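Undergrad: My file is model.cif. It has mmCIF, C-alpha atoms:
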```cif
data_protein
loop_
_atom_site.group_PDB
_atom_site.id
_atom_site.type_symbol
_atom_site.label_atom_id
_atom_site.label_comp_id
_atom_site.auth_asym_id
_atom_site.auth_seq_id
_atom_site.Cartn_x
_atom_site.Cartn_y
_atom_site.Cartn_z
ATOM 1 C CA MET A 7 4.219 -38.374 -1.472
ATOM 2 C CA SER A 8 4.110 -35.135 0.455
ATOM 3 C CA ASN A 9 7.694 -35.100 1.677
ATOM 4 C CA ASP A 10 8.792 -32.453 -0.789
ATOM 5 C CA LEU A 11 6.031 -29.995 0.132
ATOM 6 C CA TYR A 12 6.273 -27.629 3.075
ATOM 7 C CA ILE A 13 4.024 -25.613 5.348
ATOM 8 C CA THR A 14 5.978 -22.361 5.156
ATOM 9 C CA ALA A 15 3.584 -20.171 7.159
ATOM 10 C CA SER A 16 0.330 -20.295 9.096
ATOM 11 C CA SER A 17 -2.125 -17.750 10.446
ATOM 12 C CA SER A 18 -5.205 -17.813 12.587
ATOM 13 C CA ILE A 19 -8.047 -15.617 13.816
ATOM 14 C CA ASN A 20 -9.886 -17.191 16.703
ATOM 15 C CA THR A 21 -11.243 -16.219 20.141
ATOM 16 C CA ASN A 22 -10.359 -12.527 19.630
ATOM 17 C CA ILE A 23 -6.735 -13.371 18.895
ATOM 18 C CA VAL A 24 -4.868 -12.977 15.622
ATOM 19 C CA SER A 25 -1.630 -14.899 15.210
ATOM 20 C CA LYS A 26 0.933 -15.768 12.584
ATOM 21 C CA ASN A 27 3.297 -18.730 12.805
ATOM 22 C CA GLU A 28 1.884 -19.329 16.285
ATOM 23 C CA LEU A 29 2.952 -15.862 17.475
ATOM 24 C CA LEU A 30 0.505 -13.206 18.646
ATOM 25 C CA VAL A 31 -0.135 -10.454 16.084
ATOM 26 C CA PHE A 32 -3.147 -8.697 17.599
ATOM 27 C CA GLU A 33 -5.733 -9.127 20.335
ATOM 28 C CA ASN A 34 -8.979 -7.270 21.021
ATOM 29 C CA LYS A 35 -11.707 -8.396 23.429
ATOM 30 C CA GLU A 36 -14.463 -6.761 21.335
ATOM 31 C CA PRO A 37 -17.411 -9.228 21.585
ATOM 32 C CA ASP A 38 -19.159 -8.220 18.341
ATOM 33 C CA LEU A 39 -17.617 -10.116 15.423
ATOM 34 C CA SER A 40 -18.091 -7.341 12.850
ATOM 35 C CA GLN A 41 -16.467 -4.799 15.160
ATOM 36 C CA PHE A 42 -13.655 -7.198 16.029
ATOM 37 C CA LEU A 43 -12.929 -7.845 12.343
ATOM 38 C CA LEU A 44 -12.961 -4.087 11.707
ATOM 39 C CA SER A 45 -10.381 -3.640 14.478
ATOM 40 C CA VAL A 46 -8.171 -6.302 12.859
ATOM 41 C CA TYR A 47 -8.497 -4.541 9.507
ATOM 42 C CA ARG A 48 -7.467 -1.240 11.088
ATOM 43 C CA HIS A 49 -4.575 -2.895 12.924
ATOM 44 C CA LEU A 50 -3.225 -4.195 9.604
ATOM 45 C CA ASP A 51 -3.245 -0.599 8.334
ATOM 46 C CA THR A 52 -4.500 -1.623 4.889
ATOM 47 C CA GLN A 53 -6.485 0.543 2.501
ATOM 48 C CA TYR A 54 -9.052 -1.653 0.766
ATOM 49 C CA PRO A 55 -12.535 -0.017 0.726
ATOM 50 C CA LYS A 56 -14.187 -3.182 -0.633
ATOM 51 C CA PHE A 57 -13.418 -4.868 2.693
ATOM 52 C CA HIS A 58 -16.331 -3.023 4.305
ATOM 53 C CA LYS A 59 -18.790 -4.500 1.802
ATOM 54 C CA MET A 60 -17.870 -8.114 2.468
ATOM 55 C CA ASP A 61 -19.852 -10.495 4.649
ATOM 56 C CA ASN A 62 -18.214 -11.687 7.881
ATOM 57 C CA LEU A 63 -17.024 -14.979 6.349
ATOM 58 C CA SER A 64 -15.201 -13.165 3.551
ATOM 59 C CA LYS A 65 -13.809 -10.553 5.944
ATOM 60 C CA LEU A 66 -12.499 -13.318 8.201
ATOM 61 C CA GLY A 67 -10.843 -15.284 5.384
ATOM 62 C CA TRP A 68 -9.541 -12.127 3.715
ATOM 63 C CA LEU A 69 -7.962 -10.896 6.967
ATOM 64 C CA ALA A 70 -6.465 -14.310 7.839
ATOM 65 C CA ASN A 71 -4.897 -14.350 4.377
ATOM 66 C CA GLU A 72 -3.527 -10.806 4.792
ATOM 67 C CA VAL A 73 -1.876 -11.916 8.040
ATOM 68 C CA LEU A 74 -0.563 -15.094 6.381
ATOM 69 C CA LEU A 75 1.129 -13.272 3.493
ATOM 70 C CA LYS A 76 2.008 -9.874 4.982
ATOM 71 C CA ASP A 77 5.726 -9.041 4.998
ATOM 72 C CA SER A 78 6.795 -12.601 4.173
ATOM 73 C CA PHE A 79 5.282 -13.753 0.887
ATOM 74 C CA ASP A 80 6.856 -12.822 -2.426
ATOM 75 C CA THR A 81 4.001 -12.864 -4.960
ATOM 76 C CA ALA A 82 6.492 -12.222 -7.768
ATOM 77 C CA LYS A 83 8.029 -15.646 -7.133
ATOM 78 C CA TYR A 84 5.012 -17.296 -8.776
ATOM 79 C CA LYS A 85 2.821 -16.815 -11.828
ATOM 80 C CA PRO A 86 -0.771 -15.819 -10.870
ATOM 81 C CA GLU A 87 -2.124 -19.145 -12.185
ATOM 82 C CA ASP A 88 0.347 -21.105 -10.030
ATOM 83 C CA ILE A 89 -1.133 -19.871 -6.735
ATOM 84 C CA GLY A 90 -4.276 -21.686 -5.617
ATOM 85 C CA ILE A 91 -6.666 -21.594 -2.668
ATOM 86 C CA VAL A 92 -8.421 -24.569 -1.033
ATOM 87 C CA LEU A 93 -10.665 -23.794 1.923
ATOM 88 C CA SER A 94 -13.273 -25.574 3.983
ATOM 89 C CA ASN A 95 -15.804 -25.040 6.751
ATOM 90 C CA ALA A 96 -18.884 -26.637 8.290
ATOM 91 C CA ASN A 97 -21.575 -24.030 7.731
ATOM 92 C CA SER A 98 -20.905 -22.810 4.206
ATOM 93 C CA SER A 99 -22.249 -19.238 3.804
ATOM 94 C CA LEU A 100 -25.174 -19.809 6.200
ATOM 95 C CA ASP A 101 -24.305 -16.739 8.295
ATOM 96 C CA ASN A 102 -24.906 -14.444 5.325
ATOM 97 C CA ASP A 103 -27.703 -16.599 3.859
ATOM 98 C CA ILE A 104 -29.788 -15.955 6.989
ATOM 99 C CA LYS A 105 -29.180 -12.195 6.756
ATOM 100 C CA TYR A 106 -30.104 -12.269 3.071
ATOM 101 C CA MET A 107 -33.342 -14.169 3.777
ATOM 102 C CA GLU A 108 -34.319 -11.444 6.240
ATOM 103 C CA THR A 109 -34.075 -8.817 3.488
ATOM 104 C CA VAL A 110 -36.139 -10.925 1.075
ATOM 105 C CA LYS A 111 -39.197 -10.238 3.251
ATOM 106 C CA GLU A 112 -39.068 -6.632 2.006
ATOM 107 C CA ILE A 113 -36.547 -5.752 -0.695
ATOM 108 C CA ALA A 114 -33.862 -8.380 -1.383
ATOM 109 C CA SER A 115 -30.391 -6.951 -0.927
ATOM 110 C CA PRO A 116 -28.114 -7.418 -3.956
ATOM 111 C CA ALA A 117 -25.075 -6.707 -1.743
ATOM 112 C CA LEU A 118 -25.972 -9.632 0.539
ATOM 113 C CA PHE A 119 -27.026 -11.901 -2.325
ATOM 114 C CA VAL A 120 -23.543 -11.884 -3.851
ATOM 115 C CA TYR A 121 -22.140 -13.467 -0.676
ATOM 116 C CA THR A 122 -24.581 -16.386 -0.565
ATOM 117 C CA LEU A 123 -21.836 -18.820 -1.608
ATOM 118 C CA PRO A 124 -18.863 -19.799 0.574
ATOM 119 C CA ASN A 125 -16.322 -19.688 -2.262
ATOM 120 C CA ILE A 126 -16.803 -15.918 -2.574
ATOM 121 C CA VAL A 127 -14.167 -15.614 0.159
ATOM 122 C CA ILE A 128 -11.737 -17.267 -2.278
ATOM 123 C CA GLY A 129 -12.777 -14.754 -4.925
ATOM 124 C CA GLU A 130 -12.148 -11.829 -2.572
ATOM 125 C CA ILE A 131 -8.646 -13.109 -1.728
ATOM 126 C CA SER A 132 -7.907 -13.806 -5.407
ATOM 127 C CA ILE A 133 -9.058 -10.339 -6.507
ATOM 128 C CA ARG A 134 -6.954 -8.712 -3.797
ATOM 129 C CA HIS A 135 -3.742 -10.539 -4.779
ATOM 130 C CA LYS A 136 -4.531 -11.292 -8.443
ATOM 131 C CA PHE A 137 -4.276 -15.059 -7.872
ATOM 132 C CA LYS A 138 -5.671 -17.108 -10.748
ATOM 133 C CA GLY A 139 -4.847 -20.690 -9.746
ATOM 134 C CA GLU A 140 -7.105 -23.678 -9.048
ATOM 135 C CA ASN A 141 -9.456 -23.172 -6.129
ATOM 136 C CA ALA A 142 -12.140 -25.023 -4.213
ATOM 137 C CA PHE A 143 -14.242 -24.633 -1.096
ATOM 138 C CA PHE A 144 -15.321 -27.830 0.686
ATOM 139 C CA ILE A 145 -17.950 -28.307 3.373
ATOM 140 C CA ASN A 146 -16.829 -30.698 6.134
ATOM 141 C CA GLU A 147 -18.089 -31.176 9.675
ATOM 142 C CA ASP A 148 -14.623 -30.504 11.073
ATOM 143 C CA PHE A 149 -11.201 -29.550 9.778
ATOM 144 C CA ASP A 150 -10.072 -32.627 7.817
ATOM 145 C CA ALA A 151 -6.283 -32.466 7.653
ATOM 146 C CA ALA A 152 -5.971 -35.782 5.793
ATOM 147 C CA PHE A 153 -8.321 -34.597 3.041
ATOM 148 C CA ILE A 154 -6.623 -31.201 2.700
ATOM 149 C CA GLN A 155 -3.182 -32.830 2.622
ATOM 150 C CA GLN A 156 -4.278 -35.274 -0.080
ATOM 151 C CA TYR A 157 -6.188 -32.769 -2.227
ATOM 152 C CA VAL A 158 -3.601 -29.981 -2.097
ATOM 153 C CA GLY A 159 -0.770 -32.538 -2.393
ATOM 154 C CA ASN A 160 -2.287 -33.867 -5.613
ATOM 155 C CA LEU A 161 -2.656 -30.390 -7.093
ATOM 156 C CA MET A 162 0.948 -29.534 -6.328
ATOM 157 C CA HIS A 163 2.531 -32.886 -7.245
ATOM 158 C CA ASN A 164 0.667 -32.810 -10.568
ATOM 159 C CA GLU A 165 2.061 -29.329 -11.283
ATOM 160 C CA VAL A 166 -1.428 -27.771 -11.294
ATOM 161 C CA LEU A 167 -0.161 -25.436 -8.574
ATOM 162 C CA GLN A 168 3.241 -24.341 -7.328
ATOM 163 C CA CYS A 169 1.876 -22.803 -4.158
ATOM 164 C CA CYS A 170 -1.388 -23.150 -2.247
ATOM 165 C CA ILE A 171 -3.193 -21.332 0.536
ATOM 166 C CA CYS A 172 -5.405 -23.788 2.371
ATOM 167 C CA GLY A 173 -7.261 -24.221 5.620
ATOM 168 C CA TRP A 174 -10.443 -23.578 7.560
ATOM 169 C CA VAL A 175 -12.594 -20.409 7.472
ATOM 170 C CA GLU A 176 -15.796 -20.537 9.505
ATOM 171 C CA ALA A 177 -18.182 -17.806 10.672
ATOM 172 C CA LEU A 178 -21.713 -18.286 11.981
ATOM 173 C CA GLY A 179 -23.218 -15.649 14.242
ATOM 174 C CA GLU A 180 -20.593 -14.675 16.788
ATOM 175 C CA ASN A 181 -18.734 -17.989 16.404
ATOM 176 C CA TYR A 182 -15.796 -17.876 14.068
ATOM 177 C CA LYS A 183 -12.450 -19.503 13.376
ATOM 178 C CA ALA A 184 -9.908 -19.176 10.609
ATOM 179 C CA VAL A 185 -6.688 -21.150 10.332
ATOM 180 C CA LEU A 186 -4.725 -20.842 7.089
ATOM 181 C CA PHE A 187 -1.597 -22.586 5.838
ATOM 182 C CA LEU A 188 0.785 -21.582 3.084
ATOM 183 C CA ILE A 189 2.055 -24.642 1.199
ATOM 184 C CA GLU A 190 5.151 -24.325 -0.993
ATOM 185 C CA LYS A 191 7.678 -26.598 -2.649
ATOM 186 C CA ASP A 192 10.732 -24.831 -1.262
ATOM 187 C CA LYS A 193 11.809 -25.005 2.341
ATOM 188 C CA SER A 194 12.093 -21.790 4.311
ATOM 189 C CA SER A 195 13.168 -20.956 7.834
ATOM 190 C CA ASN A 196 10.712 -22.464 10.307
ATOM 191 C CA SER A 197 8.899 -24.470 7.630
ATOM 192 C CA VAL A 198 7.681 -27.958 8.421
ATOM 193 C CA ILE A 199 6.839 -30.850 6.140
ATOM 194 C CA PHE A 200 3.299 -30.798 4.730
ATOM 195 C CA THR A 201 1.740 -33.772 6.486
ATOM 196 C CA LYS A 202 -1.672 -34.274 8.054
ATOM 197 C CA GLU A 203 0.041 -34.603 11.433
ATOM 198 C CA ASN A 204 1.706 -31.196 11.090
ATOM 199 C CA LEU A 205 -1.512 -29.624 9.776
ATOM 200 C CA ASN A 206 -3.394 -30.976 12.771
ATOM 201 C CA LYS A 207 -0.653 -29.934 15.189
ATOM 202 C CA ILE A 208 -0.625 -26.338 13.937
ATOM 203 C CA TYR A 209 -4.435 -26.287 13.714
ATOM 204 C CA GLN A 210 -4.701 -27.339 17.359
ATOM 205 C CA ILE A 211 -2.148 -24.725 18.490
ATOM 206 C CA GLU A 212 -3.699 -21.947 16.372
ATOM 207 C CA ASN A 213 -7.072 -23.100 17.635
ATOM 208 C CA GLY A 214 -6.080 -22.123 21.151
ATOM 209 C CA MET B 5 -32.533 20.402 -3.514
ATOM 210 C CA ASP B 6 -29.526 20.987 -1.210
ATOM 211 C CA LYS B 7 -31.256 19.194 1.673
ATOM 212 C CA LEU B 8 -32.183 16.284 -0.593
ATOM 213 C CA MET B 9 -28.602 15.980 -1.895
ATOM 214 C CA SER B 10 -27.269 16.072 1.653
ATOM 215 C CA ASP B 11 -29.710 13.304 2.689
ATOM 216 C CA LEU B 12 -28.781 11.256 -0.362
ATOM 217 C CA LYS B 13 -25.069 11.385 0.493
ATOM 218 C CA THR B 14 -25.755 10.052 3.988
ATOM 219 C CA GLN B 15 -28.071 7.370 2.619
ATOM 220 C CA ILE B 16 -25.575 6.299 -0.076
ATOM 221 C CA ILE B 17 -22.816 5.909 2.514
ATOM 222 C CA ALA B 18 -25.071 3.793 4.742
ATOM 223 C CA GLN B 19 -26.570 1.702 1.937
ATOM 224 C CA LEU B 20 -23.228 0.960 0.281
ATOM 225 C CA ASN B 21 -21.188 0.566 3.483
ATOM 226 C CA LEU B 22 -18.700 3.261 2.458
ATOM 227 C CA GLN B 23 -17.148 3.337 5.911
ATOM 228 C CA ASP B 24 -14.124 5.427 4.982
ATOM 229 C CA THR B 25 -16.241 8.074 3.213
ATOM 230 C CA LYS B 26 -17.930 11.102 4.783
ATOM 231 C CA PRO B 27 -20.869 12.983 3.206
ATOM 232 C CA GLU B 28 -18.625 15.994 2.566
ATOM 233 C CA ASP B 29 -16.269 13.749 0.566
ATOM 234 C CA ILE B 30 -18.959 13.306 -2.092
ATOM 235 C CA GLY B 31 -19.307 16.251 -4.469
ATOM 236 C CA ASP B 32 -22.760 17.152 -5.801
ATOM 237 C CA ASP B 33 -21.529 16.693 -9.375
ATOM 238 C CA GLN B 34 -18.865 14.043 -8.744
ATOM 239 C CA PRO B 35 -19.375 10.910 -10.882
ATOM 240 C CA LEU B 36 -20.526 8.047 -8.656
ATOM 241 C CA PHE B 37 -19.121 5.277 -10.843
ATOM 242 C CA VAL B 38 -15.671 4.403 -12.189
ATOM 243 C CA GLU B 39 -13.470 7.482 -11.844
ATOM 244 C CA GLY B 40 -15.533 9.132 -9.116
ATOM 245 C CA LEU B 41 -16.564 7.186 -6.036
ATOM 246 C CA GLY B 42 -15.571 3.973 -7.799
ATOM 247 C CA LEU B 43 -18.894 2.214 -7.338
ATOM 248 C CA ASP B 44 -19.533 -1.093 -9.115
ATOM 249 C CA SER B 45 -22.483 -2.962 -10.626
ATOM 250 C CA ILE B 46 -23.662 -4.359 -7.269
ATOM 251 C CA ASP B 47 -23.628 -0.816 -5.890
ATOM 252 C CA ALA B 48 -25.841 0.224 -8.811
ATOM 253 C CA LEU B 49 -28.396 -2.387 -7.733
ATOM 254 C CA GLU B 50 -28.151 -1.131 -4.144
ATOM 255 C CA LEU B 51 -28.877 2.419 -5.360
ATOM 256 C CA ILE B 52 -32.052 1.114 -7.013
ATOM 257 C CA VAL B 53 -32.989 -0.456 -3.654
ATOM 258 C CA LEU B 54 -32.225 2.878 -1.942
ATOM 259 C CA LEU B 55 -34.683 4.705 -4.229
ATOM 260 C CA GLN B 56 -37.360 2.114 -3.440
ATOM 261 C CA GLN B 57 -36.771 2.061 0.314
ATOM 262 C CA HIS B 58 -36.367 5.765 0.990
ATOM 263 C CA TYR B 59 -38.399 7.388 -1.783
ATOM 264 C CA LYS B 60 -40.828 4.641 -2.910
ATOM 265 C CA ILE B 61 -39.581 5.080 -6.450
ATOM 266 C CA LYS B 62 -39.219 2.071 -8.732
ATOM 267 C CA LEU B 63 -36.869 2.646 -11.618
ATOM 268 C CA SER B 64 -39.229 1.580 -14.403
ATOM 269 C CA ASN B 65 -36.699 1.656 -17.224
ATOM 270 C CA ALA B 66 -33.317 0.063 -16.511
ATOM 271 C CA GLU B 67 -31.789 2.048 -19.368
ATOM 272 C CA ASP B 68 -32.368 5.224 -17.344
ATOM 273 C CA GLY B 69 -29.949 3.931 -14.677
ATOM 274 C CA PRO B 70 -26.675 5.419 -15.985
ATOM 275 C CA LYS B 71 -28.363 8.834 -16.394
ATOM 276 C CA VAL B 72 -30.161 8.802 -13.021
ATOM 277 C CA PHE B 73 -27.191 7.503 -11.026
ATOM 278 C CA ARG B 74 -24.510 9.620 -12.687
ATOM 279 C CA THR B 75 -24.120 11.992 -9.721
ATOM 280 C CA VAL B 76 -25.870 12.892 -6.466
ATOM 281 C CA ARG B 77 -27.394 15.888 -8.277
ATOM 282 C CA THR B 78 -28.882 13.743 -11.086
ATOM 283 C CA MET B 79 -30.345 11.401 -8.451
ATOM 284 C CA ALA B 80 -31.867 14.352 -6.594
ATOM 285 C CA GLU B 81 -33.289 15.780 -9.836
ATOM 286 C CA TYR B 82 -34.838 12.408 -10.698
ATOM 287 C CA ILE B 83 -36.415 12.100 -7.239
ATOM 288 C CA THR B 84 -37.730 15.684 -7.345
ATOM 289 C CA ALA B 85 -39.209 15.202 -10.822
ATOM 290 C CA HIS B 86 -40.789 11.906 -9.774
ATOM 291 C CA GLN B 87 -42.287 13.428 -6.622
ATOM 292 C CA ALA B 88 -43.647 16.414 -8.600
ATOM 293 C CA GLN B 89 -45.280 14.008 -11.091
ATOM 294 C CA ASN B 90 -46.994 12.143 -8.282
ATOM 295 C CA ALA B 91 -47.984 15.158 -6.193
#
```
As structure tokens, please, write out the structure in this file.
TA:
Amino acid sequence: MSNDLYITASSSINTNIVSKNELLVFENKEPDLSQFLLSVYRHLDTQYPKFHKMDNLSKLGWLANEVLLKDSFDTAKYKPEDIGIVLSNANSSLDNDIKYMETVKEIASPALFVYTLPNIVIGEISIRHKFKGENAFFINEDFDAAFIQQYVGNLMHNEVLQCCICGWVEALGENYKAVLFLIEKDKSSNSVIFTKENLNKIYQIENG
Amino acid sequence: MDKLMSDLKTQIIAQLNLQDTKPEDIGDDQPLFVEGLGLDSIDALELIVLLQQHYKIKLSNAEDGPKVFRTVRTMAEYITAHQAQNA
């Protein structure tokens, strides 16, 4: 079923290393996650003031997506509604939820409240690139390649989407991990077939 | 008033996480929303929180918001008037 779909690119941010297609893009040993993510943002040399207002989960997903698409993805190839996003993690938006709960003791922070849902990261990516396709954020204990392959495969085989960004975006405290895949119908150089085995293989490599 | 406006600029930058903005980048009469600093509706709520946290002022009438938060100067005038009322 999935033989005509391809993983055309991948990116990851994990253990202070940023990579794309399994090649090192950036490394910084900064132990504080917020500071590390800020250093990645600066390395990408992007001007997007709203980045600074995001919670760490959204910053992580947003940056992993910038790395995934930068210099290689032609947005004009697709209609906005043909590009979808399907993400997952284990701890939802708990990292920000805890910070928000702390503010509730005095004056609840509206800026933190708006990030008390995990799918906001999808919204931030969609706003940035004007994507309007189907999207979903699932909570799983671990990265479930079989589920992602089946769900995204169905969306693309049923012509709901022509292209999909999918993967794992997790941030809780100083623990974080993002691995994203770009799934397309056309082959490209270095693309591999969209199977659960290839998803897992890349996930393990990108996972360090 | 100048000291208050200077404090407000620093507080706005901190409260709204405007990391690429310096206090001197914000003009006293520069619109804070849309064409000026480009703040949005969530920022407006954060400015209300700022007034509560730093100046113990609760915006009693939401309709006053656009007038109060138009510029740093209008915010400072609102704070000064409120403090004078409660002196």
Undergrad: The PyMOL selection byres ((chain B and resi 77) around 12) on the file shown: which residues, as a ChimeraX atom specification?
TA: /B:5-13,30-36,71-76,78-84
Undergrad: Find the residue from A:Glu180, A:Glu203, A:Glu72, A:Glu108 that sits nearest to Ser16 (chain A); use all atoms listed in the file when measuring.
TA: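 Closest to Ser16 (chain A) of all the choices is A:Glu72.
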Undergrad: Please report the interatomic distance between CA of Asp10 (chain A) and CA of Asp192 (chain A) in Å with one decimal.
TA: 7.9 Å
Undergrad: From the set A:Asn71, A:Ser99, A:Thr109, A:Ser197, which residue has the shortest atom-to-atom contact distance to chain B, counting all atoms listed in the file?
TA: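 Of the candidates, the smallest distance to chain B is held by A:Thr109.
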Undergrad: Using all atoms listed in the file, which of A:Ser17, A:Cys172, A:Ala117, A:Leu43 sits nearest Ser45 (chain B)?
TA: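 The closest residue to Ser45 (chain B) is A:Ala117.
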Undergrad: Dump as a tab-separated table the rows for residues of chain A within 8 Å of chain B: closest atom pair and distance in Å with one decimal, only C-alpha atoms counted, ordered by chain and rising residue number.
TA:
```
residue	atom	partner	partner_atom	distance
A:Pro55	CA	B:Asp24	CA	7.1
A:His58	CA	B:Asn21	CA	6.1
A:Lys59	CA	B:Asn21	CA	5.9
A:Ile113	CA	B:Val53	CA	7.0
A:Ser115	CA	B:Glu50	CA	7.0
A:Pro116	CA	B:Glu50	CA	6.3
A:Ala117	CA	B:Ile46	CA	6.2
```
Undergrad: Considering all atoms listed in the file, state which residue in the set A:Gly67, A:Pro124, A:Pro37, A:Gly139 is at the smallest distance from Asp103 (chain A).
TA: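 With all atoms listed in the file as the atom set, the closest residue is A:Pro124.
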Undergrad: Might I get the box with edges along x, y and z of the file that holds all atoms of region 195-214 of chain A listed there, padded by 6 Å on every side, given as centre and edge lengths in Å to one decimal, as lines of an AutoDock Vina configuration file?
TA:
```
center_x = 3.0
center_y = -27.8
center_z = 12.9
size_x = 32.2
size_y = 25.6
size_z = 28.4
```
Undergrad: For the point (4.5, -17.7, 17.7) in the file's frame, write as a VMD selection string all residues with an atom no more than 12 Å away, counting all atoms listed in the file.
TA: chain A and resid 15 to 18 24 to 32 196 208 211 to 212 214
Undergrad: Determine the residue set returned by the PyMOL selection byres ((chain A and resi 21) around 8) for the present structure, and present it as a PDB file with C-alpha atoms, in the frame of the given file.
TA:
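File selection-v7.pdb, as written:
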```pdb
ATOM      1  CA  ILE A  19      -8.047 -15.617  13.816  1.00  0.00           C
ATOM      2  CA  ASN A  20      -9.886 -17.191  16.703  1.00  0.00           C
ATOM      3  CA  ASN A  22     -10.359 -12.527  19.630  1.00  0.00           C
ATOM      4  CA  ILE A  23      -6.735 -13.371  18.895  1.00  0.00           C
ATOM      5  CA  TYR A 182     -15.796 -17.876  14.068  1.00  0.00           C
ATOM      6  CA  LYS A 183     -12.450 -19.503  13.376  1.00  0.00           C
ATOM      7  CA  GLY A 214      -6.080 -22.123  21.151  1.00  0.00           C
TER       8      GLY A 214
END
```
Undergrad: Please compute the CA of Phe143 (chain A)-CA of Ile91 (chain A) distance, one decimal, in Å.
TA: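 These two atoms are separated by 8.3 Å.
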Undergrad: Could you please determine the separation between CA of Asn164 (chain A) and CA of Phe137 (chain A) in Å, to one decimal place?
TA: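 Atom-to-atom, CA of Asn164 (chain A) and CA of Phe137 (chain A) are spaced 18.6 Å apart.
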Undergrad: Which is closest to Gly159 (chain A) among A:Phe200, A:Tyr84, A:Tyr47, A:Phe57, if we use all atoms listed in the file?
TA: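 Selected residue with least distance to Gly159 (chain A): A:Phe200.
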Undergrad: Would you kindly return, as a list in words, each protein, DNA or RNA residue with an atom no farther than 12 Å from any atom of Tyr12 (chain A), considering only C-alpha atoms and excluding same-chain residues fewer than 5 positions away?
TA: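 Final neighbour list, sorted by chain and number: Met7, Gln155, Val158, Gly159, Met162, Gln168, Cys169, Cys170, Ile171, Phe187, Leu188, Ile189, Glu190, Lys191, Asp192, Lys193, Ser194, Ser195, Asn196, Ser197, Val198, Ile199, Phe200, Thr201, Lys202, Asn204 and Leu205 of chain A.
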Undergrad: Is it possible to add N, CA and C atoms to region 155-170 of chain A and hand it back as a compact mmCIF listing (two decimals), in the coordinates of the input?
TA:
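rebuild-v2.txt, written as the output of this step:
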```txt
# COMPACT_ATOMS: atom_id res chain seq x y z
N GLN A 155 -4.54 -32.41 2.99
CA GLN A 155 -3.18 -32.83 2.62
C GLN A 155 -3.20 -33.60 1.29
N GLN A 156 -4.20 -34.47 1.14
CA GLN A 156 -4.28 -35.27 -0.08
C GLN A 156 -4.67 -34.41 -1.29
N TYR A 157 -5.68 -33.57 -1.11
CA TYR A 157 -6.19 -32.77 -2.23
C TYR A 157 -5.14 -31.75 -2.70
N VAL A 158 -4.60 -31.00 -1.74
CA VAL A 158 -3.60 -29.98 -2.10
C VAL A 158 -2.32 -30.66 -2.60
N GLY A 159 -1.95 -31.79 -1.95
CA GLY A 159 -0.77 -32.54 -2.39
C GLY A 159 -0.89 -32.96 -3.84
N ASN A 160 -2.07 -33.46 -4.22
CA ASN A 160 -2.29 -33.87 -5.61
C ASN A 160 -2.14 -32.69 -6.57
N LEU A 161 -2.74 -31.58 -6.22
CA LEU A 161 -2.66 -30.39 -7.09
C LEU A 161 -1.20 -29.96 -7.30
N MET A 162 -0.43 -30.03 -6.23
CA MET A 162 0.95 -29.53 -6.33
C MET A 162 1.87 -30.57 -6.96
N HIS A 163 1.69 -31.85 -6.63
CA HIS A 163 2.53 -32.89 -7.24
C HIS A 163 2.26 -33.03 -8.74
N ASN A 164 1.02 -32.72 -9.15
CA ASN A 164 0.67 -32.81 -10.57
C ASN A 164 0.93 -31.50 -11.31
N GLU A 165 1.64 -30.60 -10.66
CA GLU A 165 2.06 -29.33 -11.28
C GLU A 165 0.89 -28.42 -11.65
N VAL A 166 -0.30 -28.68 -11.07
CA VAL A 166 -1.43 -27.77 -11.29
C VAL A 166 -1.14 -26.47 -10.56
N LEU A 167 -0.53 -26.60 -9.39
CA LEU A 167 -0.16 -25.44 -8.57
C LEU A 167 1.29 -25.54 -8.13
N GLN A 168 1.89 -24.38 -7.92
CA GLN A 168 3.24 -24.34 -7.33
C GLN A 168 3.17 -23.90 -5.87
N CYS A 169 2.05 -23.37 -5.49
CA CYS A 169 1.88 -22.80 -4.16
C CYS A 169 0.38 -22.82 -3.83
N CYS A 170 0.04 -23.10 -2.58
CA CYS A 170 -1.39 -23.15 -2.25
C CYS A 170 -1.66 -22.61 -0.85
```
